file work-v7.csv (CSV, N, CA and C atoms)
chain,number,residue,atom,x,y,z
A,1,MET,N,-41.5,-35.0,20.1
A,1,MET,CA,-41.6,-36.2,19.4
A,1,MET,C,-43.0,-36.7,19.4
A,2,VAL,N,-43.3,-37.3,18.3
A,2,VAL,CA,-44.7,-37.8,18.2
A,2,VAL,C,-44.7,-39.3,18.2
A,3,ARG,N,-45.6,-39.9,18.9
A,3,ARG,CA,-45.6,-41.4,19.0
A,3,ARG,C,-46.6,-41.9,17.9
A,4,ALA,N,-46.1,-42.7,17.0
A,4,ALA,CA,-46.9,-43.3,15.9
A,4,ALA,C,-46.8,-44.8,16.1
A,5,GLY,N,-47.8,-45.3,16.8
A,5,GLY,CA,-47.7,-46.7,17.1
A,5,GLY,C,-46.7,-47.0,18.1
A,6,ARG,N,-45.8,-47.9,17.8
A,6,ARG,CA,-44.7,-48.2,18.7
A,6,ARG,C,-43.4,-47.4,18.4
A,7,LEU,N,-43.4,-46.8,17.2
A,7,LEU,CA,-42.2,-46.1,16.8
A,7,LEU,C,-42.2,-44.6,17.3
A,8,LEU,N,-41.1,-44.1,17.6
A,8,LEU,CA,-41.0,-42.7,18.0
A,8,LEU,C,-40.5,-42.0,16.7
A,9,VAL,N,-41.3,-41.0,16.3
A,9,VAL,CA,-40.9,-40.3,15.1
A,9,VAL,C,-40.6,-38.8,15.6
A,10,ALA,N,-39.4,-38.3,15.2
A,10,ALA,CA,-39.0,-37.0,15.5
A,10,ALA,C,-39.8,-36.0,14.8
A,11,ASP,N,-40.2,-34.9,15.5
A,11,ASP,CA,-41.0,-33.8,14.8
A,11,ASP,C,-39.9,-32.9,14.2
A,12,VAL,N,-39.7,-33.1,12.9
A,12,VAL,CA,-38.7,-32.4,12.2
A,12,VAL,C,-39.4,-31.2,11.4
A,13,ARG,N,-38.9,-30.0,11.7
A,13,ARG,CA,-39.4,-28.9,11.0
A,13,ARG,C,-38.3,-28.3,10.1
A,14,ARG,N,-38.6,-27.9,9.0
A,14,ARG,CA,-37.6,-27.4,8.1
A,14,ARG,C,-37.4,-25.9,8.4
A,15,ARG,N,-36.1,-25.5,8.4
A,15,ARG,CA,-35.7,-24.1,8.7
A,15,ARG,C,-35.3,-23.4,7.4
A,16,ASP,N,-36.0,-22.4,7.1
A,16,ASP,CA,-35.7,-21.6,6.0
A,16,ASP,C,-35.1,-20.2,6.5
A,17,GLY,N,-33.9,-19.8,6.0
A,17,GLY,CA,-33.4,-18.5,6.4
A,17,GLY,C,-32.6,-18.6,7.7
A,18,LEU,N,-32.2,-17.4,8.1
A,18,LEU,CA,-31.5,-17.3,9.4
A,18,LEU,C,-32.3,-16.6,10.5
A,19,ALA,N,-32.0,-17.0,11.7
A,19,ALA,CA,-32.7,-16.4,12.8
A,19,ALA,C,-32.2,-14.9,13.0
A,20,LEU,N,-33.0,-14.1,13.6
A,20,LEU,CA,-32.6,-12.7,13.9
A,20,LEU,C,-31.3,-12.7,14.7
A,21,LEU,N,-31.1,-13.5,15.7
A,21,LEU,CA,-29.9,-13.5,16.5
A,21,LEU,C,-28.7,-13.8,15.6
A,22,GLU,N,-28.8,-14.8,14.7
A,22,GLU,CA,-27.6,-15.1,13.9
A,22,GLU,C,-27.2,-13.9,13.0
A,23,VAL,N,-28.2,-13.2,12.5
A,23,VAL,CA,-27.9,-12.0,11.6
A,23,VAL,C,-27.3,-11.0,12.5
A,24,MET,N,-27.7,-10.7,13.7
A,24,MET,CA,-27.1,-9.7,14.5
A,24,MET,C,-25.7,-10.1,14.9
A,25,VAL,N,-25.4,-11.3,15.2
A,25,VAL,CA,-24.0,-11.7,15.5
A,25,VAL,C,-23.1,-11.5,14.3
A,26,ALA,N,-23.6,-11.9,13.1
A,26,ALA,CA,-22.8,-11.7,11.8
A,26,ALA,C,-22.6,-10.2,11.6
A,27,LEU,N,-23.5,-9.3,11.8
A,27,LEU,CA,-23.3,-7.9,11.6
A,27,LEU,C,-22.3,-7.3,12.6
A,28,VAL,N,-22.3,-7.8,13.9
A,28,VAL,CA,-21.3,-7.3,14.9
A,28,VAL,C,-19.9,-7.8,14.4
A,29,ILE,N,-19.8,-9.0,14.0
A,29,ILE,CA,-18.5,-9.5,13.6
A,29,ILE,C,-18.0,-8.7,12.3
A,30,LEU,N,-18.9,-8.5,11.4
A,30,LEU,CA,-18.5,-7.7,10.2
A,30,LEU,C,-18.2,-6.2,10.6
A,31,GLY,N,-18.9,-5.7,11.5
A,31,GLY,CA,-18.6,-4.3,12.0
A,31,GLY,C,-17.2,-4.2,12.6
A,32,LEU,N,-16.8,-5.2,13.4
A,32,LEU,CA,-15.5,-5.2,14.0
A,32,LEU,C,-14.4,-5.3,13.0
A,33,VAL,N,-14.6,-6.2,12.0
A,33,VAL,CA,-13.6,-6.3,10.9
A,33,VAL,C,-13.5,-5.0,10.2
A,34,VAL,N,-14.6,-4.3,9.9
A,34,VAL,CA,-14.5,-3.1,9.1
A,34,VAL,C,-13.8,-2.0,10.0
A,35,VAL,N,-14.1,-1.9,11.3
A,35,VAL,CA,-13.4,-1.0,12.1
A,35,VAL,C,-11.9,-1.2,12.1
A,36,GLY,N,-11.5,-2.5,12.2
A,36,GLY,CA,-10.1,-2.8,12.1
A,36,GLY,C,-9.4,-2.3,10.8
A,37,TYR,N,-10.1,-2.6,9.7
A,37,TYR,CA,-9.5,-2.1,8.4
A,37,TYR,C,-9.4,-0.6,8.4
A,38,LEU,N,-10.4,0.1,8.9
A,38,LEU,CA,-10.4,1.6,8.9
A,38,LEU,C,-9.2,2.1,9.7
A,39,GLN,N,-8.9,1.5,10.8
A,39,GLN,CA,-7.8,1.9,11.7
A,39,GLN,C,-6.5,1.7,10.9
A,40,VAL,N,-6.3,0.6,10.3
A,40,VAL,CA,-5.1,0.3,9.5
A,40,VAL,C,-5.0,1.4,8.3
A,41,PHE,N,-6.1,1.6,7.7
A,41,PHE,CA,-6.1,2.6,6.6
A,41,PHE,C,-5.7,4.0,7.1
A,42,GLY,N,-6.3,4.4,8.2
A,42,GLY,CA,-6.0,5.7,8.8
A,42,GLY,C,-4.5,5.8,9.2
A,43,ALA,N,-4.0,4.8,9.7
A,43,ALA,CA,-2.5,4.8,10.1
A,43,ALA,C,-1.6,4.8,8.9
A,44,SER,N,-2.0,4.2,7.8
A,44,SER,CA,-1.2,4.2,6.6
A,44,SER,C,-1.2,5.6,6.0
A,45,ILE,N,-2.3,6.3,6.1
A,45,ILE,CA,-2.4,7.7,5.6
A,45,ILE,C,-1.5,8.6,6.4
A,46,ARG,N,-1.5,8.5,7.7
A,46,ARG,CA,-0.6,9.3,8.6
A,46,ARG,C,0.8,9.0,8.3
A,47,LEU,N,1.2,7.7,8.1
A,47,LEU,CA,2.5,7.4,7.7
A,47,LEU,C,3.0,8.0,6.4
A,48,ALA,N,2.1,8.0,5.4
A,48,ALA,CA,2.4,8.5,4.1
A,48,ALA,C,2.7,10.1,4.3
A,49,GLU,N,1.9,10.7,5.1
A,49,GLU,CA,2.0,12.2,5.3
A,49,GLU,C,3.3,12.5,6.0
A,50,ASN,N,3.7,11.7,7.0
A,50,ASN,CA,5.0,11.9,7.7
A,50,ASN,C,6.1,11.6,6.7
A,51,THR,N,6.0,10.6,5.9
A,51,THR,CA,7.1,10.3,4.9
A,51,THR,C,7.3,11.5,3.9
A,52,ARG,N,6.2,12.1,3.5
A,52,ARG,CA,6.2,13.2,2.6
A,52,ARG,C,6.9,14.4,3.3
A,53,THR,N,6.6,14.7,4.6
A,53,THR,CA,7.2,15.8,5.3
A,53,THR,C,8.7,15.6,5.5
A,54,TRP,N,9.1,14.4,5.9
A,54,TRP,CA,10.5,14.1,6.0
A,54,TRP,C,11.3,14.2,4.7
A,55,SER,N,10.7,13.7,3.6
A,55,SER,CA,11.3,13.8,2.3
A,55,SER,C,11.5,15.2,1.9
A,56,GLN,N,10.6,16.1,2.2
A,56,GLN,CA,10.7,17.5,1.9
A,56,GLN,C,11.8,18.1,2.7
A,57,ALA,N,11.9,17.7,4.0
A,57,ALA,CA,13.0,18.2,4.8
A,57,ALA,C,14.4,17.8,4.3
A,58,VAL,N,14.5,16.6,3.9
A,58,VAL,CA,15.8,16.1,3.3
A,58,VAL,C,16.1,16.9,2.0
A,59,THR,N,15.1,17.1,1.2
A,59,THR,CA,15.3,17.9,-0.1
A,59,THR,C,15.8,19.3,0.3
A,60,TYR,N,15.2,20.0,1.2
A,60,TYR,CA,15.6,21.3,1.6
A,60,TYR,C,17.0,21.3,2.2
A,61,ALA,N,17.4,20.3,3.0
A,61,ALA,CA,18.7,20.2,3.6
A,61,ALA,C,19.8,20.0,2.5
A,62,GLU,N,19.5,19.1,1.5
A,62,GLU,CA,20.4,18.8,0.5
A,62,GLU,C,20.6,20.1,-0.4
A,63,GLY,N,19.5,20.8,-0.6
A,63,GLY,CA,19.6,22.1,-1.4
A,63,GLY,C,20.5,23.1,-0.7
A,64,GLY,N,20.3,23.2,0.6
A,64,GLY,CA,21.1,24.1,1.4
A,64,GLY,C,22.6,23.7,1.4
A,65,MET,N,22.8,22.4,1.4
A,65,MET,CA,24.2,21.9,1.4
A,65,MET,C,24.9,22.2,0.1
A,66,GLU,N,24.1,22.1,-1.0
A,66,GLU,CA,24.6,22.4,-2.3
A,66,GLU,C,25.0,23.9,-2.4
A,67,LEU,N,24.1,24.8,-1.8
A,67,LEU,CA,24.4,26.2,-1.8
A,67,LEU,C,25.7,26.5,-1.0
A,68,ALA,N,25.8,25.8,0.1
A,68,ALA,CA,27.0,25.9,1.0
A,68,ALA,C,28.3,25.5,0.2
A,69,LYS,N,28.2,24.4,-0.5
A,69,LYS,CA,29.4,24.0,-1.3
A,69,LYS,C,29.7,25.0,-2.4
A,70,LEU,N,28.8,25.6,-3.0
A,70,LEU,CA,29.1,26.6,-4.0
A,70,LEU,C,29.6,27.9,-3.4
A,71,ASP,N,29.1,28.4,-2.3
A,71,ASP,CA,29.5,29.6,-1.7
A,71,ASP,C,29.2,29.6,-0.2
A,72,LEU,N,30.2,29.1,0.6
A,72,LEU,CA,30.0,28.9,2.0
A,72,LEU,C,29.7,30.2,2.7
A,73,GLU,N,30.4,31.2,2.4
A,73,GLU,CA,30.2,32.5,3.1
A,73,GLU,C,28.8,33.0,2.8
A,74,ALA,N,28.3,32.9,1.6
A,74,ALA,CA,26.9,33.4,1.3
A,74,ALA,C,25.9,32.6,2.1
A,75,ALA,N,26.1,31.3,2.1
A,75,ALA,CA,25.2,30.4,2.9
A,75,ALA,C,25.1,30.8,4.3
A,76,MET,N,26.3,31.1,4.9
A,76,MET,CA,26.3,31.5,6.3
A,76,MET,C,25.6,32.8,6.6
A,77,ARG,N,25.7,33.8,5.6
A,77,ARG,CA,25.1,35.1,5.8
A,77,ARG,C,23.6,35.0,5.7
A,78,ARG,N,23.1,34.0,5.0
A,78,ARG,CA,21.6,33.9,4.9
A,78,ARG,C,20.9,33.8,6.2
A,79,GLY,N,21.6,33.1,7.1
A,79,GLY,CA,20.9,32.9,8.5
A,79,GLY,C,19.8,32.0,8.4
A,80,ARG,N,18.8,32.2,9.2
A,80,ARG,CA,17.6,31.3,9.2
A,80,ARG,C,16.6,31.7,8.1
A,81,GLU,N,16.4,30.7,7.2
A,81,GLU,CA,15.5,31.0,6.0
A,81,GLU,C,14.2,30.4,6.3
A,82,ARG,N,13.1,31.1,5.9
A,82,ARG,CA,11.8,30.5,5.9
A,82,ARG,C,11.5,29.9,4.5
A,83,LEU,N,11.1,28.7,4.5
A,83,LEU,CA,10.9,28.0,3.3
A,83,LEU,C,9.4,27.6,3.1
A,84,GLU,N,9.0,27.3,1.9
A,84,GLU,CA,7.6,26.9,1.6
A,84,GLU,C,7.2,25.7,2.5
A,85,GLY,N,6.0,25.7,2.9
A,85,GLY,CA,5.4,24.6,3.7
A,85,GLY,C,5.7,24.8,5.2
A,86,GLY,N,6.2,25.9,5.7
A,86,GLY,CA,6.5,26.1,7.1
A,86,GLY,C,7.8,25.6,7.6
A,87,PHE,N,8.7,25.2,6.7
A,87,PHE,CA,10.0,24.7,7.0
A,87,PHE,C,10.9,25.9,7.3
A,88,GLN,N,12.0,25.7,8.0
A,88,GLN,CA,13.0,26.7,8.2
A,88,GLN,C,14.4,26.0,8.0
A,89,ARG,N,15.3,26.7,7.5
A,89,ARG,CA,16.6,26.1,7.2
A,89,ARG,C,17.7,27.1,7.6
A,90,TRP,N,18.8,26.6,8.2
A,90,TRP,CA,20.0,27.4,8.5
A,90,TRP,C,21.2,26.5,8.3
A,91,ALA,N,22.4,27.2,8.1
A,91,ALA,CA,23.6,26.5,7.9
A,91,ALA,C,24.7,27.0,8.9
A,92,LEU,N,25.5,26.1,9.4
A,92,LEU,CA,26.6,26.5,10.3
A,92,LEU,C,27.9,25.8,9.8
A,93,ALA,N,29.0,26.4,10.0
A,93,ALA,CA,30.3,25.8,9.6
A,93,ALA,C,31.3,26.0,10.7
A,94,ARG,N,32.2,25.0,10.9
A,94,ARG,CA,33.2,25.2,11.8
A,94,ARG,C,34.4,24.4,11.3
A,95,PRO,N,35.6,24.8,11.7
A,95,PRO,CA,36.8,24.1,11.2
A,95,PRO,C,36.8,22.7,11.6
A,96,ALA,N,37.3,21.8,10.7
A,96,ALA,CA,37.3,20.4,11.0
A,96,ALA,C,38.7,19.8,10.7
A,97,GLY,N,39.7,20.6,10.7
A,97,GLY,CA,41.0,20.1,10.3
A,97,GLY,C,41.6,21.1,9.3
A,98,GLU,N,42.8,20.7,8.9
A,98,GLU,CA,43.5,21.6,8.0
A,98,GLU,C,42.9,21.6,6.6
A,99,GLY,N,42.4,22.7,6.2
A,99,GLY,CA,41.7,22.9,4.9
A,99,GLY,C,40.3,22.3,4.8
A,100,LEU,N,39.7,22.0,5.9
A,100,LEU,CA,38.4,21.4,5.9
A,100,LEU,C,37.4,22.2,6.8
A,101,GLU,N,36.2,22.2,6.4
A,101,GLU,CA,35.1,22.8,7.2
A,101,GLU,C,34.0,21.7,7.4
A,102,LEU,N,33.5,21.6,8.6
A,102,LEU,CA,32.3,20.8,8.8
A,102,LEU,C,31.1,21.7,8.7
A,103,VAL,N,30.3,21.4,7.6
A,103,VAL,CA,29.1,22.2,7.4
A,103,VAL,C,27.9,21.4,7.8
A,104,THR,N,27.1,22.1,8.6
A,104,THR,CA,25.9,21.5,9.1
A,104,THR,C,24.7,22.3,8.6
A,105,VAL,N,23.8,21.7,7.9
A,105,VAL,CA,22.5,22.3,7.5
A,105,VAL,C,21.4,21.6,8.2
A,106,THR,N,20.6,22.5,8.9
A,106,THR,CA,19.5,22.0,9.7
A,106,THR,C,18.2,22.5,9.1
A,107,VAL,N,17.2,21.6,9.0
A,107,VAL,CA,15.9,22.0,8.6
A,107,VAL,C,14.9,21.7,9.7
A,108,ALA,N,14.2,22.7,10.1
A,108,ALA,CA,13.2,22.6,11.2
A,108,ALA,C,11.8,22.2,10.5
A,109,LEU,N,11.2,21.2,11.0
A,109,LEU,CA,9.9,20.8,10.4
A,109,LEU,C,8.7,21.6,10.9
A,110,PRO,N,7.7,21.8,10.2
A,110,PRO,CA,6.5,22.6,10.7
A,110,PRO,C,5.9,22.1,12.0
A,111,GLU,N,5.8,20.8,12.2
A,111,GLU,CA,5.1,20.3,13.3
A,111,GLU,C,6.1,20.0,14.5
A,112,GLY,N,7.3,20.5,14.4
A,112,GLY,CA,8.4,20.2,15.4
A,112,GLY,C,9.3,19.2,14.8
A,113,GLY,N,10.4,19.0,15.5
A,113,GLY,CA,11.5,18.1,15.0
A,113,GLY,C,12.4,18.8,14.0
A,114,GLN,N,13.5,18.2,13.7
A,114,GLN,CA,14.4,18.8,12.8
A,114,GLN,C,15.2,17.7,12.1
A,115,PHE,N,15.7,18.0,10.9
A,115,PHE,CA,16.6,17.1,10.2
A,115,PHE,C,17.9,17.8,10.0
A,116,THR,N,19.1,17.2,10.3
A,116,THR,CA,20.4,17.8,10.3
A,116,THR,C,21.2,17.0,9.3
A,117,LEU,N,21.9,17.7,8.4
A,117,LEU,CA,22.8,17.1,7.4
A,117,LEU,C,24.2,17.7,7.6
A,118,ASN,N,25.2,16.8,7.8
A,118,ASN,CA,26.6,17.2,8.0
A,118,ASN,C,27.4,16.7,6.8
A,119,ARG,N,28.4,17.6,6.4
A,119,ARG,CA,29.3,17.2,5.3
A,119,ARG,C,30.6,18.0,5.6
A,120,LEU,N,31.7,17.3,5.2
A,120,LEU,CA,33.0,18.0,5.2
A,120,LEU,C,33.2,18.6,3.8
A,121,ILE,N,33.6,19.8,3.8
A,121,ILE,CA,33.9,20.4,2.5
A,121,ILE,C,35.3,21.2,2.6
A,122,GLU,N,35.9,21.4,1.5
A,122,GLU,CA,37.2,22.1,1.5
A,122,GLU,C,36.9,23.6,1.9
A,123,SER,N,37.8,24.1,2.7
A,123,SER,CA,37.7,25.5,3.1
A,123,SER,C,37.9,26.4,1.9
A,124,PRO,N,37.2,27.5,1.9
A,124,PRO,CA,37.4,28.4,0.8
A,124,PRO,C,38.7,29.2,0.8
call {"tool": "encode", "arguments": {"input": "work-v7.csv", "output": "C-alpha cells"}}
result
Amino acid sequence: MVRAGRLLVADVRRRDGLALLEVMVALVILGLVVVGYLQVFGASIRLAENTRTWSQAVTYAEGGMELAKLDLEAAMRRGRERLEGGFQRWALARPAGEGLELVTVTVALPEGGQFTLNRLIESP
C-alpha cells in the first residue's frame, strides 16, 4: 500500500493471463478426465468383443440344434466338431419320457467357457 497524504491507496496491479501454477493444475485435471474416458472406452470395446463371441456361440448352438432336429442320429455321429473361430460343438441326447429326447448342444468358446442349449424333441 502506498500512502498518499492521509489516504491509504492500494497498490493494484493488473493481471493479464494465467500463472504457470494455474496452467499446470488445469492440465493435471484435464489429464485425469482423459484417462477416465479412455478406461471407459477400453471397457466398452472389451464388452462389445465378448458380446460378439457369445452371439457367435449361440448361433452355432442353434445351428447344431436345427441339425439335431432334422436328423438326430447324424448329429450324434458327428461327435465334437471344430468350427470357424476356434469354437467347438457337440450334441448329446438322452431319453426324457415316452417319445421324447432331451437334446443338449454344447459350444465351447475359444477363450474358455461354454454355452449349452437344451431342447425336447420327439424321438425318431
call {"tool": "select_by_dssp", "arguments": {"input": "work-v7.csv", "residues": "stretch 51-106 of chain A", "states": "helix (DSSP H, G or I)", "output": "list in words"}}
result
Thr51, Arg52, Thr53, Trp54, Ser55, Gln56, Ala57, Val58, Thr59, Tyr60, Ala61, Glu62, Gly63, Gly64, Met65, Glu66, Leu67, Ala68, Lys69, Leu70, Leu72, Glu73, Ala74, Ala75, Met76, Arg77 and Arg78 of chain A
call {"tool": "residues_around", "arguments": {"input": "work-v7.csv", "residues": "A:Val103", "least_positions_apart": "6", "cutoff": "8 Å", "atoms": "all atoms listed in the file", "output": "PyMOL selection string"}}
result
chain A and resi 65+68+91-96+117-121
call {"tool": "atom_distance", "arguments": {"input": "work-v7.csv", "atom1": "atom C of A:Lys69", "atom2": "atom CA of A:Glu122"}}
result
8.9 Å
call {"tool": "residues_around", "arguments": {"input": "work-v7.csv", "residues": "A:Thr116", "least_positions_apart": "6", "cutoff": "6 Å", "atoms": "only N, CA and C atoms", "output": "number ranges by chain"}}
result
A: 105-107
call {"tool": "axis_aligned_box", "arguments": {"input": "work-v7.csv", "around": "stretch 104-107 of chain A", "padding_each_side": "6 Å", "output": "lines of an AutoDock Vina configuration file"}}
result
center_x = 21.0
center_y = 22.0
center_z = 8.6
size_x = 24.2
size_y = 13.0
size_z = 14.2
call {"tool": "atom_distance", "arguments": {"input": "work-v7.csv", "atom1": "atom N of A:Thr104", "atom2": "atom CA of A:Leu70"}}
result
13.5 Å
call {"tool": "atom_distance", "arguments": {"input": "work-v7.csv", "atom1": "atom CA of A:Gly42", "atom2": "atom N of A:Trp54"}}
result
17.7 Å
call {"tool": "residues_around", "arguments": {"input": "work-v7.csv", "residues": "stretch 46-50 of chain A", "least_positions_apart": "3", "cutoff": "12 Å", "atoms": "only C-alpha atoms", "output": "list of chain:residue names"}}
result
A:Gln39, A:Val40, A:Phe41, A:Gly42, A:Ala43, A:Thr53, A:Trp54, A:Ser55, A:Gln56, A:Ala57, A:Leu109, A:Pro110, A:Glu111, A:Gly112, A:Gly113
call {"tool": "decode", "arguments": {"input": "work-v7.csv", "residues": "stretch 25-39 of chain A", "atoms": "N, CA and C atoms", "output": "JSON list (two decimals), in the first residue's frame"}}
result
[["chain", "number", "residue", "atom", "x", "y", "z"],
["A", 25, "VAL", "N", -2.13, -27.02, -12.92],
["A", 25, "VAL", "CA", -3.26, -27.64, -12.23],
["A", 25, "VAL", "C", -4.36, -27.98, -13.25],
["A", 26, "ALA", "N", -4.64, -27.08, -14.18],
["A", 26, "ALA", "CA", -5.66, -27.33, -15.20],
["A", 26, "ALA", "C", -5.27, -28.52, -16.08],
["A", 27, "LEU", "N", -4.00, -28.64, -16.43],
["A", 27, "LEU", "CA", -3.54, -29.76, -17.26],
["A", 27, "LEU", "C", -3.63, -31.09, -16.51],
["A", 28, "VAL", "N", -3.33, -31.08, -15.23],
["A", 28, "VAL", "CA", -3.45, -32.31, -14.44],
["A", 28, "VAL", "C", -4.90, -32.76, -14.37],
["A", 29, "ILE", "N", -5.82, -31.83, -14.12],
["A", 29, "ILE", "CA", -7.24, -32.16, -14.06],
["A", 29, "ILE", "C", -7.72, -32.67, -15.42],
["A", 30, "LEU", "N", -7.32, -32.01, -16.48],
["A", 30, "LEU", "CA", -7.69, -32.46, -17.83],
["A", 30, "LEU", "C", -7.14, -33.85, -18.12],
["A", 31, "GLY", "N", -5.91, -34.11, -17.71],
["A", 31, "GLY", "CA", -5.31, -35.42, -17.92],
["A", 31, "GLY", "C", -6.06, -36.52, -17.18],
["A", 32, "LEU", "N", -6.49, -36.26, -15.95],
["A", 32, "LEU", "CA", -7.26, -37.24, -15.19],
["A", 32, "LEU", "C", -8.61, -37.53, -15.86],
["A", 33, "VAL", "N", -9.25, -36.51, -16.38],
["A", 33, "VAL", "CA", -10.53, -36.70, -17.07],
["A", 33, "VAL", "C", -10.33, -37.54, -18.33],
["A", 34, "VAL", "N", -9.27, -37.25, -19.09],
["A", 34, "VAL", "CA", -9.00, -38.00, -20.31],
["A", 34, "VAL", "C", -8.70, -39.47, -19.99],
["A", 35, "VAL", "N", -7.92, -39.73, -18.96],
["A", 35, "VAL", "CA", -7.61, -41.11, -18.56],
["A", 35, "VAL", "C", -8.89, -41.85, -18.18],
["A", 36, "GLY", "N", -9.78, -41.20, -17.48],
["A", 36, "GLY", "CA", -11.06, -41.82, -17.12],
["A", 36, "GLY", "C", -11.88, -42.18, -18.35],
["A", 37, "TYR", "N", -11.96, -41.28, -19.32],
["A", 37, "TYR", "CA", -12.69, -41.57, -20.54],
["A", 37, "TYR", "C", -12.05, -42.71, -21.32],
["A", 38, "LEU", "N", -10.73, -42.77, -21.37],
["A", 38, "LEU", "CA", -10.06, -43.85, -22.08],
["A", 38, "LEU", "C", -10.32, -45.21, -21.43],
["A", 39, "GLN", "N", -10.39, -45.25, -20.11],
["A", 39, "GLN", "CA", -10.69, -46.51, -19.43],
["A", 39, "GLN", "C", -12.11, -46.98, -19.75]]
